[in-house]
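Take a look at the structure set out below.
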Amino acid sequence: TRLTGTQNKLQAGTYRLSPAESVPQIVEHLTNGNVDTFDITFLPGATLAENRTVLIENGYTEAEVDAALAADYTSPLFADKPAASDLEGYILGDTYRFGTGATVEQILEYTFQTYAAVIETNGFVEKFKAQGLTLFEGITLASIIQRESGGDDEAQIAQVFYSRLAQDMVLGSDVTYQYIADKTGVPRDTNLDSPYNTRRYPGLPPGPIATPGIAALKAVADPAEGDFLYFLSGDD
């Protein structure tokens with residue numbers, strides 16, 4: 001910096017430096033004023049545990065991530081979310097760009113803002129209410145549809161589940177007991193005694209099992225016509 005006369009030109013900011021950069025390249029990096037950014041991708045259908053892994057893989061410590069996931073947040077998105085429930089289902093799947101100095105809390109807050117905007121723009125609160133569901137229940141059902149869907153069939157799956165709920169049948173979804181088995185570290189078992197096992201217990205599980213994509217949310221808001229009670233989900 002003395003040789004190049006840049007000792008007083010270093011720009012405040014957060015930067016990502018590569019071990020491959022030479023000293024002159026680092027000096028140029030710190031004097032050009034362009035604060036570094038990074039992209040982070042949360043996938044639709046991902047669980048909270050999977051999103052936690054994404055954050056850790058992007059350089060945040062387990063302690064930072066766990067503290068942020070346990071923090072309290074205020075957003076219309078959480079209007080009817082039970083206080084005891086975690087953030088499962090609430091990290092909207094998308095690719096986001098942040099400055100390198102962004103905290104985990106700031107990342108999560110931005111995903112919540114984006115999710116709340118999607119909810120408002122599509123009128124999901126009112127549409128879920130017309131189907132007899134709260135926002136939390138709508139997100140819960142959409143998360144099941146997300147995990148069950150093979151693509152482009154979300155609205156018909158929603159119709160099947162609504163038909164089952166109307167007839168007091170169990171939803172019979174394998175993905176719900178699989179979710180809680182994986183979360184609690186027990187073997188997957190169709191007879192697992194848990195309110196998340198919708199093969200055994202009627203109605204919706206206690207909460208979302210993943211983050212639903214927008215197509216799944218739209219399916220809950222506007223299911224297909226029909227009276228089917230079954231669908232086949234599998235590679236065959």
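Residue numbering restarts at 1 in every chain; chains get A, B, ... in the order shown in the structure tokens, and ligands count up from 1 in that same order.
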I'd like a table as a Markdown table: residues in range 66-151 of chain A with an atom no more than 10 Å from range 188-211 of chain A, each row giving the shortest atom pair and its distance in Å to one decimal, only C-alpha atoms counted, sorted by chain and rising residue number.
| residue | atom | partner | partner_atom | distance |
| --- | --- | --- | --- | --- |
| A:Lys81 | CA | A:Gly207 | CA | 8.9 |
| A:Pro82 | CA | A:Gly207 | CA | 9.0 |
| A:Ser85 | CA | A:Gly207 | CA | 7.4 |
| A:Asp86 | CA | A:Gly207 | CA | 9.0 |
| A:Leu87 | CA | A:Pro208 | CA | 9.0 |
| A:Glu88 | CA | A:Ala210 | CA | 6.0 |
| A:Gly89 | CA | A:Thr211 | CA | 3.8 |
| A:Tyr90 | CA | A:Thr211 | CA | 6.0 |
| A:Ile91 | CA | A:Thr211 | CA | 6.3 |
| A:Leu92 | CA | A:Thr211 | CA | 6.3 |
| A:Gly93 | CA | A:Thr211 | CA | 6.9 |
| A:Phe136 | CA | A:Gly207 | CA | 7.5 |
| A:Glu137 | CA | A:Gly207 | CA | 7.3 |
| A:Gly138 | CA | A:Pro208 | CA | 9.0 |
| A:Ile139 | CA | A:Pro208 | CA | 6.4 |
| A:Thr140 | CA | A:Pro208 | CA | 3.9 |
| A:Leu141 | CA | A:Leu204 | CA | 7.0 |
| A:Ala142 | CA | A:Pro208 | CA | 8.0 |
| A:Ser143 | CA | A:Ala210 | CA | 5.3 |
| A:Ile144 | CA | A:Ile209 | CA | 6.6 |
| A:Ile145 | CA | A:Ala210 | CA | 9.9 |
| A:Gln146 | CA | A:Thr211 | CA | 7.9 |
| A:Arg147 | CA | A:Ala210 | CA | 7.6 |
How would the residues just chosen look if you wrote them out with N, CA, C and O atoms as a PDB file, in the first residue's frame?
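So result_5.pdb came out as:
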ATOM      1  N   LYS A  81     -49.057 -19.179  13.727  1.00  0.00           N
ATOM      2  CA  LYS A  81     -48.135 -20.283  13.991  1.00  0.00           C
ATOM      3  C   LYS A  81     -48.057 -20.521  15.493  1.00  0.00           C
ATOM      4  O   LYS A  81     -47.806 -19.587  16.248  1.00  0.00           O
ATOM      5  N   PRO A  82     -48.291 -21.753  15.966  1.00  0.00           N
ATOM      6  CA  PRO A  82     -48.182 -22.028  17.390  1.00  0.00           C
ATOM      7  C   PRO A  82     -46.810 -21.645  17.937  1.00  0.00           C
ATOM      8  O   PRO A  82     -45.788 -21.870  17.284  1.00  0.00           O
ATOM      9  N   SER A  85     -44.033 -24.287  17.980  1.00  0.00           N
ATOM     10  CA  SER A  85     -43.540 -24.898  16.741  1.00  0.00           C
ATOM     11  C   SER A  85     -42.289 -24.174  16.253  1.00  0.00           C
ATOM     12  O   SER A  85     -42.098 -22.987  16.514  1.00  0.00           O
ATOM     13  N   ASP A  86     -41.442 -24.911  15.543  1.00  0.00           N
ATOM     14  CA  ASP A  86     -40.212 -24.309  15.035  1.00  0.00           C
ATOM     15  C   ASP A  86     -40.456 -23.682  13.667  1.00  0.00           C
ATOM     16  O   ASP A  86     -41.607 -23.457  13.275  1.00  0.00           O
ATOM     17  N   LEU A  87     -39.397 -23.403  12.928  1.00  0.00           N
ATOM     18  CA  LEU A  87     -39.515 -22.709  11.643  1.00  0.00           C
ATOM     19  C   LEU A  87     -39.701 -23.665  10.467  1.00  0.00           C
ATOM     20  O   LEU A  87     -39.572 -23.246   9.321  1.00  0.00           O
ATOM     21  N   GLU A  88     -40.015 -24.926  10.759  1.00  0.00           N
ATOM     22  CA  GLU A  88     -40.285 -25.875   9.678  1.00  0.00           C
ATOM     23  C   GLU A  88     -41.391 -25.326   8.780  1.00  0.00           C
ATOM     24  O   GLU A  88     -42.454 -24.928   9.250  1.00  0.00           O
ATOM     25  N   GLY A  89     -41.121 -25.306   7.481  1.00  0.00           N
ATOM     26  CA  GLY A  89     -42.112 -24.841   6.527  1.00  0.00           C
ATOM     27  C   GLY A  89     -42.073 -23.365   6.224  1.00  0.00           C
ATOM     28  O   GLY A  89     -42.826 -22.889   5.373  1.00  0.00           O
ATOM     29  N   TYR A  90     -41.178 -22.617   6.871  1.00  0.00           N
ATOM     30  CA  TYR A  90     -41.218 -21.159   6.769  1.00  0.00           C
ATOM     31  C   TYR A  90     -40.002 -20.527   6.095  1.00  0.00           C
ATOM     32  O   TYR A  90     -39.914 -19.303   6.016  1.00  0.00           O
ATOM     33  N   ILE A  91     -39.071 -21.317   5.599  1.00  0.00           N
ATOM     34  CA  ILE A  91     -37.938 -20.759   4.860  1.00  0.00           C
ATOM     35  C   ILE A  91     -38.217 -20.983   3.377  1.00  0.00           C
ATOM     36  O   ILE A  91     -38.032 -22.089   2.858  1.00  0.00           O
ATOM     37  N   LEU A  92     -38.679 -19.957   2.703  1.00  0.00           N
ATOM     38  CA  LEU A  92     -39.158 -20.090   1.329  1.00  0.00           C
ATOM     39  C   LEU A  92     -38.038 -20.533   0.396  1.00  0.00           C
ATOM     40  O   LEU A  92     -36.953 -19.945   0.377  1.00  0.00           O
ATOM     41  N   GLY A  93     -38.302 -21.564  -0.376  1.00  0.00           N
ATOM     42  CA  GLY A  93     -37.322 -22.073  -1.319  1.00  0.00           C
ATOM     43  C   GLY A  93     -37.062 -21.094  -2.444  1.00  0.00           C
ATOM     44  O   GLY A  93     -37.977 -20.718  -3.178  1.00  0.00           O
ATOM     45  N   PHE A 136     -51.438 -21.402   8.816  1.00  0.00           N
ATOM     46  CA  PHE A 136     -50.544 -22.458   9.312  1.00  0.00           C
ATOM     47  C   PHE A 136     -50.979 -23.822   8.798  1.00  0.00           C
ATOM     48  O   PHE A 136     -50.153 -24.626   8.352  1.00  0.00           O
ATOM     49  N   GLU A 137     -52.278 -24.091   8.819  1.00  0.00           N
ATOM     50  CA  GLU A 137     -52.789 -25.377   8.331  1.00  0.00           C
ATOM     51  C   GLU A 137     -52.602 -25.491   6.821  1.00  0.00           C
ATOM     52  O   GLU A 137     -52.303 -26.578   6.309  1.00  0.00           O
ATOM     53  N   GLY A 138     -52.783 -24.372   6.110  1.00  0.00           N
ATOM     54  CA  GLY A 138     -52.588 -24.390   4.667  1.00  0.00           C
ATOM     55  C   GLY A 138     -51.146 -24.703   4.298  1.00  0.00           C
ATOM     56  O   GLY A 138     -50.875 -25.477   3.370  1.00  0.00           O
ATOM     57  N   ILE A 139     -50.210 -24.089   5.025  1.00  0.00           N
ATOM     58  CA  ILE A 139     -48.790 -24.366   4.792  1.00  0.00           C
ATOM     59  C   ILE A 139     -48.482 -25.822   5.129  1.00  0.00           C
ATOM     60  O   ILE A 139     -47.719 -26.486   4.419  1.00  0.00           O
ATOM     61  N   THR A 140     -49.105 -26.332   6.193  1.00  0.00           N
ATOM     62  CA  THR A 140     -48.893 -27.732   6.583  1.00  0.00           C
ATOM     63  C   THR A 140     -49.349 -28.680   5.482  1.00  0.00           C
ATOM     64  O   THR A 140     -48.604 -29.588   5.086  1.00  0.00           O
ATOM     65  N   LEU A 141     -50.566 -28.480   4.977  1.00  0.00           N
ATOM     66  CA  LEU A 141     -51.070 -29.346   3.913  1.00  0.00           C
ATOM     67  C   LEU A 141     -50.236 -29.194   2.648  1.00  0.00           C
ATOM     68  O   LEU A 141     -49.909 -30.185   1.979  1.00  0.00           O
ATOM     69  N   ALA A 142     -49.846 -27.966   2.329  1.00  0.00           N
ATOM     70  CA  ALA A 142     -49.029 -27.733   1.132  1.00  0.00           C
ATOM     71  C   ALA A 142     -47.677 -28.425   1.245  1.00  0.00           C
ATOM     72  O   ALA A 142     -47.131 -28.911   0.244  1.00  0.00           O
ATOM     73  N   SER A 143     -47.132 -28.500   2.459  1.00  0.00           N
ATOM     74  CA  SER A 143     -45.833 -29.154   2.626  1.00  0.00           C
ATOM     75  C   SER A 143     -45.936 -30.650   2.342  1.00  0.00           C
ATOM     76  O   SER A 143     -45.011 -31.246   1.787  1.00  0.00           O
ATOM     77  N   ILE A 144     -47.061 -31.257   2.711  1.00  0.00           N
ATOM     78  CA  ILE A 144     -47.270 -32.682   2.424  1.00  0.00           C
ATOM     79  C   ILE A 144     -47.406 -32.886   0.915  1.00  0.00           C
ATOM     80  O   ILE A 144     -46.809 -33.800   0.335  1.00  0.00           O
ATOM     81  N   ILE A 145     -48.177 -32.025   0.282  1.00  0.00           N
ATOM     82  CA  ILE A 145     -48.360 -32.107  -1.170  1.00  0.00           C
ATOM     83  C   ILE A 145     -47.023 -31.939  -1.880  1.00  0.00           C
ATOM     84  O   ILE A 145     -46.725 -32.644  -2.855  1.00  0.00           O
ATOM     85  N   GLN A 146     -46.204 -31.011  -1.389  1.00  0.00           N
ATOM     86  CA  GLN A 146     -44.886 -30.778  -1.991  1.00  0.00           C
ATOM     87  C   GLN A 146     -44.053 -32.048  -1.986  1.00  0.00           C
ATOM     88  O   GLN A 146     -43.410 -32.405  -2.977  1.00  0.00           O
ATOM     89  N   ARG A 147     -44.066 -32.763  -0.858  1.00  0.00           N
ATOM     90  CA  ARG A 147     -43.235 -33.963  -0.734  1.00  0.00           C
ATOM     91  C   ARG A 147     -43.830 -35.157  -1.488  1.00  0.00           C
ATOM     92  O   ARG A 147     -43.108 -36.072  -1.871  1.00  0.00           O
TER      93      ARG A 147
END
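Near Asn122 in chain A, within 10 Å and counting only C-alpha atoms, sit Ala117, Val118, Ile119, Val125, Glu126, Lys127, Ile214, Leu217, Lys218 and Ala221 of chain A; same-chain residues fewer than 3 positions away were not included.
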All helix (DSSP H, G or I) positions in range 28-197 of chain A, as number ranges by chain | A: 28-31, 48-57, 62-70, 76-78, 104-121, 124-130, 135-148, 154-166, 174-184
CA of Thr74 in chain A to CA of Thr100 in chain A, straight-line distance in Å | 24.1 Å
Out of A:Ala67, A:Ala79, A:Ser22, A:Ser233, which residue has the shortest atom-to-atom distance to Glu105 in chain A when counting only C-alpha atoms?
->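 Answer, going by the shortest atom-to-atom distance: A:Ala67.
Rounded to one decimal, CA of Phe124 in chain A and CA of Tyr162 in chain A lie 16.4 Å from each other.
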